[in-house]
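Listing of work.cif, mmCIF, C-alpha atoms
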```
data_data
#
loop_
_atom_site.label_atom_id
_atom_site.label_comp_id
_atom_site.auth_asym_id
_atom_site.auth_seq_id
_atom_site.Cartn_x
_atom_site.Cartn_y
_atom_site.Cartn_z
CA MET O 1 123.29 -172.09 -50.10
CA ILE O 2 124.41 -168.87 -51.66
CA LYS O 3 122.99 -166.84 -48.82
CA SER O 4 124.78 -168.95 -46.21
CA ALA O 5 128.07 -168.47 -48.02
CA VAL O 6 127.82 -164.71 -47.86
CA LEU O 7 128.97 -163.30 -44.57
CA SER O 8 128.52 -159.74 -43.51
CA SER O 9 131.62 -158.00 -42.21
CA ASP O 10 130.13 -158.00 -38.66
CA LYS O 11 129.60 -161.75 -38.73
CA LEU O 12 133.09 -162.28 -40.13
CA LEU O 13 134.60 -160.21 -37.33
CA SER O 14 132.62 -162.13 -34.75
CA LEU O 15 133.97 -165.41 -36.18
CA ILE O 16 137.51 -164.09 -36.12
CA ASP O 17 137.03 -163.25 -32.43
CA GLN O 18 136.74 -166.96 -31.71
CA PRO O 19 140.25 -168.46 -31.34
CA VAL O 20 139.44 -171.84 -32.93
CA THR O 21 137.79 -170.26 -35.92
CA LEU O 22 140.61 -167.79 -36.30
CA SER O 23 143.22 -170.54 -36.33
CA VAL O 24 141.23 -172.43 -38.98
CA ILE O 25 141.13 -169.32 -41.14
CA VAL O 26 144.88 -168.75 -40.67
CA VAL O 27 145.72 -172.36 -41.57
CA ALA O 28 143.42 -172.22 -44.60
CA PHE O 29 145.06 -168.96 -45.63
CA ILE O 30 148.54 -170.49 -45.40
CA ILE O 31 147.48 -173.53 -47.45
CA LEU O 32 145.33 -171.84 -50.04
CA VAL O 33 147.14 -168.59 -50.81
CA PRO O 34 150.31 -170.10 -52.29
CA PHE O 35 148.08 -172.42 -54.35
CA GLY O 36 146.09 -169.42 -55.48
CA ILE O 37 149.25 -167.56 -56.46
CA SER O 38 150.59 -170.54 -58.38
CA SER O 39 147.23 -170.88 -60.13
CA ALA O 40 147.28 -167.25 -61.09
CA GLN O 41 150.79 -167.60 -62.47
CA SER O 42 150.09 -170.77 -64.42
CA VAL O 43 148.80 -170.12 -67.92
CA PRO O 44 146.10 -172.04 -69.72
CA GLY O 45 147.12 -174.43 -72.51
CA SER O 46 146.44 -173.72 -76.16
CA PRO O 47 145.13 -170.14 -76.04
CA SER O 48 142.98 -169.54 -79.11
CA PHE O 49 141.75 -166.45 -80.92
CA ASN O 50 139.21 -165.32 -83.50
CA PHE O 51 139.94 -162.00 -85.24
CA PRO O 52 138.53 -159.44 -85.84
CA GLY O 53 136.89 -159.49 -82.45
CA SER O 54 137.72 -159.18 -78.82
CA PRO O 55 140.27 -159.51 -77.28
CA ILE O 56 142.70 -158.10 -79.80
CA ARG O 57 145.77 -159.71 -78.20
CA VAL O 58 146.26 -163.35 -77.13
CA SER O 59 149.56 -164.40 -75.57
CA ASN O 60 151.06 -167.85 -75.84
CA ALA O 61 151.54 -170.08 -72.80
CA SER O 62 155.07 -168.88 -72.09
CA GLY O 63 154.11 -165.23 -72.46
CA ASN O 64 156.98 -164.68 -74.89
CA PHE O 65 154.78 -163.93 -77.89
CA SER O 66 151.32 -162.57 -78.55
CA ALA O 67 148.93 -162.88 -81.49
CA VAL O 68 147.58 -159.42 -82.26
CA TYR O 69 145.36 -157.84 -84.89
CA LYS O 70 144.58 -154.28 -85.91
CA PRO O 71 142.97 -152.53 -88.88
CA SER O 72 145.35 -152.04 -91.77
CA ALA O 73 146.67 -148.50 -92.16
CA LYS O 74 147.43 -149.10 -95.85
CA SER O 75 144.35 -150.86 -97.19
CA ASP O 76 140.83 -149.82 -96.22
CA GLY O 77 138.81 -152.75 -94.87
CA ASP O 78 141.81 -155.03 -94.39
CA PHE O 79 143.41 -156.11 -91.13
CA VAL O 80 146.95 -156.87 -90.05
CA PHE O 81 147.56 -160.02 -88.03
CA SER O 82 150.93 -160.02 -86.29
CA VAL O 83 152.94 -161.95 -83.77
CA GLU O 84 154.66 -159.62 -81.31
CA ASP O 85 157.48 -160.44 -78.93
CA LYS O 86 157.61 -159.35 -75.27
CA THR O 87 158.75 -155.86 -76.22
CA GLY O 88 155.80 -155.37 -78.58
CA LYS O 89 157.99 -155.70 -81.67
CA SER O 90 156.21 -157.37 -84.57
CA VAL O 91 158.13 -160.46 -85.69
CA VAL O 92 155.72 -161.56 -88.41
CA GLU O 93 152.76 -159.93 -90.14
CA HIS O 94 149.91 -161.19 -92.30
CA ILE O 95 147.26 -159.10 -94.05
CA PHE O 96 143.73 -160.50 -94.02
CA SER O 97 140.53 -159.11 -95.46
CA ARG O 98 137.79 -161.28 -93.97
CA SER O 99 138.51 -163.17 -90.76
CA VAL O 100 141.07 -165.48 -89.18
CA ASP O 101 141.10 -167.87 -86.26
CA GLY O 102 143.91 -169.80 -84.67
CA GLU O 103 145.49 -171.40 -81.66
CA TRP O 104 148.83 -171.46 -79.90
CA SER O 105 150.27 -174.89 -79.17
CA SER O 106 150.13 -175.89 -75.51
CA THR O 107 153.64 -174.66 -74.68
CA GLY O 108 153.42 -171.71 -77.05
CA ALA O 109 156.16 -173.01 -79.32
CA SER O 110 153.97 -172.88 -82.44
CA LEU O 111 150.88 -171.20 -83.78
CA TYR O 112 148.37 -171.94 -86.52
CA LEU O 113 146.19 -169.41 -88.29
CA ASN O 114 143.18 -170.19 -90.49
CA ASP O 115 142.56 -167.41 -93.01
CA TYR O 116 139.08 -167.35 -94.58
CA LEU O 117 140.46 -165.99 -97.84
CA GLY O 118 137.29 -165.92 -99.90
CA SER O 119 134.03 -167.75 -100.38
CA THR O 120 135.86 -170.59 -102.14
CA GLN O 121 139.09 -170.95 -100.18
CA ILE O 122 140.41 -171.29 -96.64
CA ASP O 123 144.11 -171.74 -95.90
CA CYS O 124 145.95 -172.62 -92.71
CA PHE O 125 149.27 -170.94 -91.92
CA VAL O 126 151.73 -172.12 -89.27
CA TRP O 127 154.48 -170.28 -87.44
CA MET O 128 157.33 -171.09 -85.07
CA PRO O 129 159.74 -168.51 -83.57
CA GLN O 130 162.55 -169.87 -85.75
CA SER O 131 160.39 -169.50 -88.91
CA LYS O 132 161.05 -166.70 -91.36
CA GLY O 133 157.32 -166.06 -91.69
CA LEU O 134 153.93 -167.68 -91.74
CA LEU O 135 153.96 -170.85 -93.79
CA SER O 136 150.94 -171.58 -96.00
CA LEU O 137 150.08 -175.27 -95.66
CA THR O 138 148.30 -175.15 -99.03
CA GLU O 139 151.57 -173.97 -100.58
CA VAL O 140 153.52 -176.67 -98.77
CA LEU O 141 151.09 -179.39 -99.78
CA LEU O 142 150.91 -178.32 -103.42
CA ARG O 143 154.40 -177.00 -104.13
CA ASP O 144 156.81 -179.02 -101.99
CA PRO O 145 157.28 -182.31 -103.86
CA LYS O 146 158.27 -184.21 -100.73
CA SER O 147 155.58 -182.92 -98.41
CA GLY O 148 152.76 -185.30 -99.39
CA PRO O 149 151.13 -187.56 -96.85
CA ILE O 150 152.61 -190.80 -98.12
CA GLN O 151 155.97 -190.84 -96.41
CA GLY O 152 158.92 -190.71 -98.79
CA ARG O 153 156.82 -190.81 -101.95
CA GLY O 154 155.18 -187.42 -101.71
CA ALA O 155 151.80 -188.57 -103.03
CA LYS O 156 149.16 -185.91 -102.51
CA PRO O 157 145.44 -185.34 -102.87
CA PRO O 158 144.71 -184.27 -106.48
CA GLU O 159 142.46 -181.34 -105.61
CA THR O 160 143.76 -177.76 -105.78
CA PRO O 161 142.26 -174.28 -105.27
CA GLU O 162 142.21 -174.01 -109.07
CA ASN O 163 139.97 -177.03 -109.58
CA SER O 164 137.80 -176.94 -106.47
CA ARG O 165 136.29 -175.14 -103.55
CA TYR O 166 139.30 -175.73 -101.31
CA GLU O 167 139.08 -175.54 -97.53
CA LEU O 168 142.33 -176.44 -95.78
CA THR O 169 141.90 -175.75 -92.07
CA CYS O 170 143.84 -176.53 -88.91
CA HIS O 171 141.78 -177.45 -85.88
CA GLY O 172 144.12 -178.41 -83.04
CA TRP O 173 147.53 -179.59 -81.94
CA LYS O 174 148.56 -183.22 -81.49
CA SER O 175 151.88 -182.00 -80.09
CA ASP O 176 153.90 -178.78 -80.20
CA ASN O 177 155.13 -179.67 -83.67
CA GLN O 178 152.16 -181.53 -85.10
CA VAL O 179 148.99 -179.77 -86.17
CA LEU O 180 145.71 -181.47 -87.09
CA VAL O 181 144.52 -180.54 -90.59
CA ASP O 182 141.24 -181.02 -92.44
CA LEU O 183 141.19 -180.66 -96.21
CA GLU O 184 137.74 -180.71 -97.74
CA GLY O 185 135.71 -179.20 -100.52
CA THR O 186 133.95 -179.76 -103.81
CA THR O 187 135.58 -179.89 -107.21
CA TRP O 188 134.15 -177.67 -109.95
CA ALA O 189 132.99 -180.91 -111.57
CA GLY O 190 130.90 -181.59 -108.45
CA GLY O 191 132.94 -184.27 -106.68
CA GLN O 192 133.33 -183.92 -102.94
CA PHE O 193 136.51 -184.68 -101.03
CA LYS O 194 137.54 -184.83 -97.40
CA TYR O 195 140.94 -185.75 -96.00
CA LYS O 196 142.19 -185.81 -92.43
CA LEU O 197 145.87 -184.98 -92.23
CA LEU O 198 148.58 -184.25 -89.74
CA TYR O 199 151.35 -181.76 -90.52
CA ASP O 200 154.70 -182.03 -88.80
CA LEU O 201 156.29 -178.57 -88.63
CA LYS O 202 159.79 -179.90 -88.00
CA GLN O 203 159.76 -182.67 -90.62
CA LYS O 204 157.78 -180.42 -93.04
CA GLN O 205 155.72 -183.45 -93.94
CA PHE O 206 152.02 -184.27 -94.11
CA LYS O 207 150.75 -187.62 -92.88
CA TRP O 208 147.34 -189.22 -93.01
CA ASN O 209 145.57 -188.88 -89.69
CA MET Z 210 121.20 -149.20 -97.50
CA ILE Z 211 118.05 -150.08 -99.42
CA ALA Z 212 116.20 -153.16 -98.24
CA PRO Z 213 115.14 -155.64 -100.91
CA ASN Z 214 111.49 -156.54 -101.19
CA ASN Z 215 110.06 -159.38 -99.13
CA THR Z 216 109.98 -161.92 -101.92
CA HIS Z 217 113.63 -161.39 -102.90
CA THR Z 218 112.69 -161.56 -106.57
CA GLN Z 219 112.45 -157.82 -107.35
CA CYS Z 220 114.96 -155.01 -107.10
CA PRO Z 221 114.70 -152.88 -103.95
CA PRO Z 222 112.45 -149.78 -103.91
CA GLY Z 223 114.03 -146.88 -105.76
CA THR Z 224 115.82 -149.18 -108.17
CA HIS Z 225 114.89 -151.27 -111.17
CA ALA Z 226 116.54 -154.14 -112.98
CA ASN Z 227 118.34 -153.59 -116.24
CA THR Z 228 115.65 -154.44 -118.79
CA SER Z 229 117.71 -153.96 -121.94
CA GLY Z 230 117.71 -157.68 -122.51
CA THR Z 231 121.48 -157.73 -122.41
CA PRO Z 232 122.75 -159.17 -119.13
CA ASP Z 233 125.40 -157.24 -117.22
CA TYR Z 234 127.10 -160.50 -116.33
CA GLN Z 235 126.79 -164.08 -117.56
CA GLY Z 236 128.27 -167.32 -116.28
CA GLY Z 237 127.95 -169.91 -113.58
CA ALA Z 238 126.43 -169.44 -110.14
CA THR Z 239 127.59 -171.62 -107.28
CA GLU Z 240 126.59 -171.71 -103.61
CA TYR Z 241 128.62 -171.41 -100.41
CA GLY Z 242 126.17 -171.45 -97.51
CA VAL Z 243 125.55 -175.15 -96.96
CA ASN Z 244 127.29 -178.42 -97.73
CA ALA Z 245 125.78 -181.23 -99.78
CA ASP Z 246 124.42 -182.80 -96.58
CA GLY Z 247 122.67 -179.54 -95.63
CA SER Z 248 125.07 -178.65 -92.84
CA PRO Z 249 126.32 -175.04 -92.78
CA THR Z 250 129.72 -174.41 -94.32
CA ARG Z 251 132.66 -173.02 -92.35
CA PHE Z 252 131.78 -169.57 -93.67
CA ALA Z 253 128.45 -169.46 -91.83
CA GLY Z 254 128.48 -166.77 -89.15
CA ARG Z 255 131.87 -165.44 -90.18
CA ILE Z 256 132.74 -161.99 -91.42
CA THR Z 257 132.45 -161.34 -95.15
CA ALA Z 258 134.70 -159.06 -97.18
CA SER Z 259 132.16 -156.24 -96.73
CA GLY Z 260 132.30 -156.58 -92.94
CA SER Z 261 128.81 -158.07 -92.55
CA ILE Z 262 128.22 -161.49 -90.99
CA PHE Z 263 127.48 -164.23 -93.50
CA ASP Z 264 124.01 -165.73 -93.06
CA PRO Z 265 123.75 -168.88 -95.21
CA TRP Z 266 120.01 -168.37 -95.50
CA GLY Z 267 120.21 -164.67 -96.31
CA TYR Z 268 120.08 -163.23 -99.83
CA THR Z 269 123.67 -162.29 -100.48
CA ALA Z 270 126.47 -163.31 -102.80
CA ALA Z 271 130.20 -163.24 -103.38
CA THR Z 272 131.77 -161.98 -106.58
CA ILE Z 273 135.10 -162.78 -108.16
CA GLN Z 274 137.96 -161.57 -106.03
CA GLY Z 275 139.85 -158.83 -107.82
CA PRO Z 276 143.54 -157.99 -107.51
CA PRO Z 277 144.83 -156.31 -104.33
CA GLY Z 278 143.56 -152.77 -104.10
CA ALA Z 279 140.68 -153.52 -106.46
CA ARG Z 280 139.01 -156.36 -104.63
CA TRP Z 281 135.48 -155.93 -105.91
CA THR Z 282 134.88 -156.91 -109.52
CA ILE Z 283 131.22 -156.02 -108.89
CA PRO Z 284 130.92 -153.09 -106.44
CA LYS Z 285 130.07 -154.24 -102.91
CA ASN Z 286 126.49 -153.78 -101.73
CA THR Z 287 125.25 -153.78 -105.34
CA PHE Z 288 121.86 -155.47 -105.75
CA LEU Z 289 121.67 -157.90 -108.65
CA ASN Z 290 118.76 -159.70 -110.27
CA VAL Z 291 120.07 -163.21 -110.91
CA VAL Z 292 118.07 -165.14 -113.51
CA SER Z 293 118.46 -168.84 -114.22
CA ALA Z 294 119.63 -169.41 -117.81
CA ASN Z 295 117.95 -172.81 -117.76
CA SER Z 296 114.63 -171.50 -116.47
CA PRO Z 297 114.25 -167.77 -117.29
CA THR Z 298 111.18 -167.37 -115.08
CA ALA Z 299 113.24 -168.25 -112.02
CA ASN Z 300 115.14 -165.36 -110.45
CA VAL Z 301 116.42 -164.02 -107.15
CA VAL Z 302 117.69 -160.60 -106.06
CA VAL Z 303 120.87 -160.64 -103.99
CA GLN Z 304 123.27 -158.10 -102.56
CA ILE Z 305 127.02 -158.41 -103.16
CA THR Z 306 128.67 -158.61 -99.74
CA ASP Z 307 131.61 -160.93 -100.29
CA THR Z 308 134.44 -162.02 -102.57
CA GLY Z 309 135.88 -165.35 -103.59
CA THR Z 310 138.16 -167.04 -106.08
CA LEU Z 311 135.43 -168.65 -108.14
CA GLY Z 312 135.75 -171.56 -110.54
CA PRO Z 313 136.32 -171.19 -114.28
CA GLY Z 314 133.32 -169.54 -115.92
CA ASP Z 315 131.64 -168.81 -112.60
CA VAL Z 316 130.63 -165.23 -111.89
CA ILE Z 317 128.80 -165.38 -108.60
CA ASP Z 318 128.76 -167.45 -105.40
CA LEU Z 319 125.27 -167.31 -103.87
CA SER Z 320 124.10 -167.83 -100.31
CA ALA Z 321 122.13 -171.02 -99.74
CA GLY Z 322 118.91 -169.04 -99.33
CA ALA Z 323 119.39 -167.35 -102.68
CA MET Z 324 120.28 -170.58 -104.49
CA LYS Z 325 117.25 -172.32 -103.01
CA THR Z 326 114.96 -169.51 -104.18
CA LEU Z 327 116.55 -169.65 -107.63
CA THR Z 328 116.66 -173.41 -108.19
CA GLY Z 329 114.70 -175.07 -105.41
CA LYS Z 330 117.89 -176.64 -104.05
CA ALA Z 331 120.31 -174.96 -101.66
CA PHE Z 332 123.39 -176.99 -102.68
CA ASN Z 333 123.49 -176.45 -106.40
CA SER Z 334 125.14 -174.71 -109.33
CA VAL Z 335 123.43 -173.24 -112.37
CA PRO Z 336 124.20 -171.00 -115.38
CA VAL Z 337 122.79 -167.52 -114.89
CA ASN Z 338 122.20 -164.16 -116.52
CA ILE Z 339 122.66 -161.24 -114.13
CA TYR Z 340 121.04 -157.83 -114.38
CA ALA Z 341 122.15 -155.03 -112.06
CA CYS Z 342 119.50 -153.12 -110.12
CA ARG Z 343 119.86 -149.48 -111.20
CA PRO Z 344 118.57 -146.29 -109.57
CA ASP Z 345 115.16 -145.18 -110.90
#
```
What would the structure in this file look like if it were written as C-alpha cells?
Amino acid sequence: MIKSAVLSSDKLLSLIDQPVTLSVIVVAFIILVPFGISSAQSVPGSPSFNFPGSPIRVSNASGNFSAVYKPSAKSDGDFVFSVEDKTGKSVVEHIFSRSVDGEWSSTGASLYLNDYLGSTQIDCFVWMPQSKGLLSLTEVLLRDPKSGPIQGRGAKPPETPENSRYELTCHGWKSDNQVLVDLEGTTWAGGQFKYKLLYDLKQKQFKWN
Amino acid sequence: MIAPNNTHTQCPPGTHANTSGTPDYQGGATEYGVNADGSPTRFAGRITASGSIFDPWGYTAATIQGPPGARWTIPKNTFLNVVSANSPTANVVVQITDTGTLGPGDVIDLSAGAMKTLTGKAFNSVPVNIYACRPD
C-alpha cells in the first residue's frame, strides 16, 4: 500500500499528461487546499506543557499568550515560569525549583499550573489575563472564608499542608472558567483523604465535583 | 558521584558512616514513592530539587526544605546511613536528592525502595537515627 502511494516524478508527470487525471488533480487541489490552510490556521484545544523540558514555549489557543520557562538568573537551580504576551513581554512570573505542568483552557482564556513544590506538597495555580498574578488554589481554599465547596457556607476539607502530605492538583478544564481539582494526601496521623473539586475562577468558589 | 554498594546498607566506597554513637540527625522518616495501595505517587518520574528524576524504587531521600537561598538543610547528594530507632539492626543508605516540607518531628522523606529495605513495607513511617557517610 505504501509503495503504491509513492509516485516517482516521472510517473506523476505522465499522469498529469492525461487530461482526465489532470482535471481530477486540479479539482482536488481546489477542494483540499483551502481546507488544508484552514486546518493549519486552526489551533488545537487545551495546549498543555510540562517544564522543565521541551518545548520551552506553549501558546494558548488564541495565540495571544504563551507559557514559557527558563533557568532563573538569580537563583542557581531554580526556574522562572512566565506568561508572555504577543510582544514577548512577561505579564506574570513564578519561580519554581522542581517541576511544573499545566494546561491552557480550550479558548486560551485561562491557565492552570501545578507546581511540585516539595516531596510533601503540590499546589495548583490559576491565571486569567485580568488576574494580577497566579492564584494559589491552596491559599484560596484555606484562607478565603467563602471559598469552600459548600455553597454559601464555606465549609472546607480539614486537611492542610501543616497537618498532612497535601497534594492539590488541577487536571483539566470543565469550561474556560472552571478547572477540575483533585485534593489528596495523608495526614501526619496516617489518615488518607481524597476530594474531587471544581474551582470556578470567576465566582472564586470551590464546589464538590 | 560515588555509587553506593549493591546492598544499600553500607556507605559508598571511600566513605564510612559516623560511628561515634551520636546520630547526626534524629526524628521521623516518612515515604513519598508509593501510595498506600502501592500505586506510584505523583512525584514518580518527575524532577527532584537536585535535578535528577525521582525513581520511587531507588535509594534516595528528601530533606527538610530550607528557606529561599538555603534550600538544603542536609547538603544535596550527601549519603546517609538511616537506622531504624525501633529495630537498630535495620538500616539503609540513601542519597539526599530532594527537598520537602516534612511533618512535625520528621527529618527525612525516603523513597519507597529505601523504606521497604528499612522496614519491610514501602508505605510506612518510622523513627530513625541518621549517620552521615564521611570521607575516609
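Among Z:Ala258, Z:Arg280, Z:Thr228, Z:Ala270, the residue with the shortest atom-to-atom distance to Z:Val302, counting all atoms listed in the file, is Z:Ala270.
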Selection result for the PyMOL selection byres ((chain Z and resi 245) around 9) on this file, as a list in words: Gln192 of chain O; Val243, Asn244, Asp246, Gly247, Ser248, Ala331, Phe332 and Asn333 of chain Z
Separation of atom CA of O:Ser164 from atom CA of O:Ala189, in Å and rounded to one decimal: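 Taking atom CA of O:Ser164 as the start and atom CA of O:Ala189 as the end point, the length is 8.1 Å.
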Could you tell me which residues the PyMOL selection byres ((chain Z) within 10 of (chain O)) returns for this structure, as a PDB file with C-alpha atoms, keeping the file's coordinate frame?
```pdb
ATOM      1  CA  THR Z 239     127.590-171.620-107.280  1.00  0.00           C
ATOM      2  CA  GLU Z 240     126.590-171.710-103.610  1.00  0.00           C
ATOM      3  CA  TYR Z 241     128.620-171.410-100.410  1.00  0.00           C
ATOM      4  CA  GLY Z 242     126.170-171.450 -97.510  1.00  0.00           C
ATOM      5  CA  ASN Z 244     127.290-178.420 -97.730  1.00  0.00           C
ATOM      6  CA  ALA Z 245     125.780-181.230 -99.780  1.00  0.00           C
ATOM      7  CA  THR Z 250     129.720-174.410 -94.320  1.00  0.00           C
ATOM      8  CA  ARG Z 251     132.660-173.020 -92.350  1.00  0.00           C
ATOM      9  CA  PHE Z 252     131.780-169.570 -93.670  1.00  0.00           C
ATOM     10  CA  ARG Z 255     131.870-165.440 -90.180  1.00  0.00           C
ATOM     11  CA  ILE Z 256     132.740-161.990 -91.420  1.00  0.00           C
ATOM     12  CA  THR Z 257     132.450-161.340 -95.150  1.00  0.00           C
ATOM     13  CA  ALA Z 258     134.700-159.060 -97.180  1.00  0.00           C
ATOM     14  CA  SER Z 259     132.160-156.240 -96.730  1.00  0.00           C
ATOM     15  CA  GLY Z 260     132.300-156.580 -92.940  1.00  0.00           C
ATOM     16  CA  SER Z 261     128.810-158.070 -92.550  1.00  0.00           C
ATOM     17  CA  ALA Z 270     126.470-163.310-102.800  1.00  0.00           C
ATOM     18  CA  ALA Z 271     130.200-163.240-103.380  1.00  0.00           C
ATOM     19  CA  THR Z 272     131.770-161.980-106.580  1.00  0.00           C
ATOM     20  CA  ILE Z 273     135.100-162.780-108.160  1.00  0.00           C
ATOM     21  CA  GLN Z 274     137.960-161.570-106.030  1.00  0.00           C
ATOM     22  CA  PRO Z 277     144.830-156.310-104.330  1.00  0.00           C
ATOM     23  CA  GLY Z 278     143.560-152.770-104.100  1.00  0.00           C
ATOM     24  CA  ARG Z 280     139.010-156.360-104.630  1.00  0.00           C
ATOM     25  CA  ASP Z 307     131.610-160.930-100.290  1.00  0.00           C
ATOM     26  CA  THR Z 308     134.440-162.020-102.570  1.00  0.00           C
ATOM     27  CA  GLY Z 309     135.880-165.350-103.590  1.00  0.00           C
ATOM     28  CA  THR Z 310     138.160-167.040-106.080  1.00  0.00           C
ATOM     29  CA  LEU Z 311     135.430-168.650-108.140  1.00  0.00           C
ATOM     30  CA  GLY Z 312     135.750-171.560-110.540  1.00  0.00           C
ATOM     31  CA  PRO Z 313     136.320-171.190-114.280  1.00  0.00           C
ATOM     32  CA  ASP Z 315     131.640-168.810-112.600  1.00  0.00           C
ATOM     33  CA  ASP Z 318     128.760-167.450-105.400  1.00  0.00           C
ATOM     34  CA  LEU Z 319     125.270-167.310-103.870  1.00  0.00           C
ATOM     35  CA  SER Z 320     124.100-167.830-100.310  1.00  0.00           C
ATOM     36  CA  ASN Z 333     123.490-176.450-106.400  1.00  0.00           C
ATOM     37  CA  SER Z 334     125.140-174.710-109.330  1.00  0.00           C
TER      38      SER Z 334
END
```
Interatomic distance, atom CA of Z:Asn290 to atom CA of Z:Asp264 (Å, one decimal): 19.0 Å
Residue with smallest distance to O:Lys207 - pool O:Val80, O:Ala109, O:Leu183, O:Ile150, counting only C-alpha atoms: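 For O:Lys207, the nearest of the candidates is O:Ile150.
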Exercise: Z:Cys342 partners within 10 Å, all atoms listed in the file, chain neighbours under 4 positions left out, as JSON, numbers by chain: {"Z": [219, 220, 221, 222, 223, 224, 225, 226, 227, 228, 287, 288, 289, 290, 302, 303, 304]}
Length of the atom CA of Z:Val337 to atom CA of Z:Val291 vector [Å]: 6.5 Å
Residues in the PyMOL selection byres ((chain O and resi 208) around 10), expressed as an MDAnalysis selection string: chainID O and resid 148:151 180:181 195:199 206:207 209
Exercise: O:Lys89 partners within 12 Å, all atoms listed in the file, chain neighbours under 6 positions left out, as a list in words: Asn64, Phe65, Ser66, Ala67, Val68, Ser82 and Val83 of chain O
Neighbour list for O:Ser62 as a short mmCIF file (atom, residue, chain, number, x, y, z; two decimals) with C-alpha atoms, keeping the file's coordinate frame, cut-off 7 Å, only C-alpha atoms, skip fewer than 2 positions in-chain:
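Dumped to result-v4.cif:
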```cif
data_model
loop_
_atom_site.label_atom_id
_atom_site.label_comp_id
_atom_site.auth_asym_id
_atom_site.auth_seq_id
_atom_site.Cartn_x
_atom_site.Cartn_y
_atom_site.Cartn_z
CA ASN O 60 151.06 -167.85 -75.84
CA ASN O 64 156.98 -164.68 -74.89
CA THR O 107 153.64 -174.66 -74.68
CA GLY O 108 153.42 -171.71 -77.05
#
```
Pick from Z:Tyr340, Z:Ile283, Z:Lys325, Z:Asn300, whichever lies nearest to Z:Thr231 using all atoms listed in the file: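 Among the listed residues, Z:Tyr340 lies closest to Z:Thr231.
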Can you report as lines of an AutoDock Vina configuration file the centre and edge lengths in Å, to one decimal, of an axis-aligned box around the listed atoms of stretch 256-272 of chain Z padded with 5 Å on each side?
```
center_x = 127.4
center_y = -162.6
center_z = -98.8
size_x = 24.7
size_y = 22.6
size_z = 25.6
```
Would you list the residues near (162.3, -184.0, -92.4) (no more than 10 Å away, in the coordinates of the file, using only C-alpha atoms) as a compact mmCIF listing (two decimals) with C-alpha atoms, keeping the file's coordinate frame?
```
# COMPACT_ATOMS: atom_id res chain seq x y z
CA LYS O 146 158.27 -184.21 -100.73
CA SER O 147 155.58 -182.92 -98.41
CA GLY O 152 158.92 -190.71 -98.79
CA ASP O 200 154.70 -182.03 -88.80
CA LEU O 201 156.29 -178.57 -88.63
CA LYS O 202 159.79 -179.90 -88.00
CA GLN O 203 159.76 -182.67 -90.62
CA LYS O 204 157.78 -180.42 -93.04
CA GLN O 205 155.72 -183.45 -93.94
```
May I ask you to restore N, CA and C atoms in stretch 177-191 of chain O and write the result as a short mmCIF file (atom, residue, chain, number, x, y, z; two decimals), in the frame of the given file?
```cif
data_model
loop_
_atom_site.label_atom_id
_atom_site.label_comp_id
_atom_site.auth_asym_id
_atom_site.auth_seq_id
_atom_site.Cartn_x
_atom_site.Cartn_y
_atom_site.Cartn_z
N ASN O 177 154.66 -179.74 -82.29
CA ASN O 177 155.13 -179.67 -83.67
C ASN O 177 154.17 -180.28 -84.67
N GLN O 178 153.07 -180.83 -84.19
CA GLN O 178 152.16 -181.53 -85.10
C GLN O 178 150.76 -180.93 -85.00
N VAL O 179 150.30 -180.43 -86.13
CA VAL O 179 148.99 -179.77 -86.17
C VAL O 179 148.00 -180.64 -86.95
N LEU O 180 146.76 -180.68 -86.45
CA LEU O 180 145.71 -181.47 -87.09
C LEU O 180 145.08 -180.65 -88.22
N VAL O 181 144.96 -181.27 -89.38
CA VAL O 181 144.52 -180.54 -90.59
C VAL O 181 143.34 -181.27 -91.24
N ASP O 182 142.33 -180.50 -91.60
CA ASP O 182 141.24 -181.02 -92.44
C ASP O 182 141.36 -180.38 -93.81
N LEU O 183 141.24 -181.20 -94.85
CA LEU O 183 141.19 -180.66 -96.21
C LEU O 183 139.91 -181.18 -96.84
N GLU O 184 139.01 -180.27 -97.16
CA GLU O 184 137.74 -180.71 -97.74
C GLU O 184 137.24 -179.69 -98.74
N GLY O 185 136.28 -180.11 -99.54
CA GLY O 185 135.71 -179.20 -100.52
C GLY O 185 134.94 -179.93 -101.59
N THR O 186 134.70 -179.22 -102.67
CA THR O 186 133.95 -179.76 -103.81
C THR O 186 134.67 -179.33 -105.08
N THR O 187 134.93 -180.27 -105.95
CA THR O 187 135.58 -179.89 -107.21
C THR O 187 134.56 -179.16 -108.08
N TRP O 188 135.07 -178.38 -109.06
CA TRP O 188 134.15 -177.67 -109.95
C TRP O 188 133.30 -178.65 -110.74
N ALA O 189 133.78 -179.89 -110.88
CA ALA O 189 132.99 -180.91 -111.57
C ALA O 189 131.91 -181.50 -110.66
N GLY O 190 131.95 -181.15 -109.37
CA GLY O 190 130.90 -181.59 -108.45
C GLY O 190 131.30 -182.68 -107.48
N GLY O 191 132.51 -183.21 -107.60
CA GLY O 191 132.94 -184.27 -106.68
C GLY O 191 133.36 -183.71 -105.33
#
```
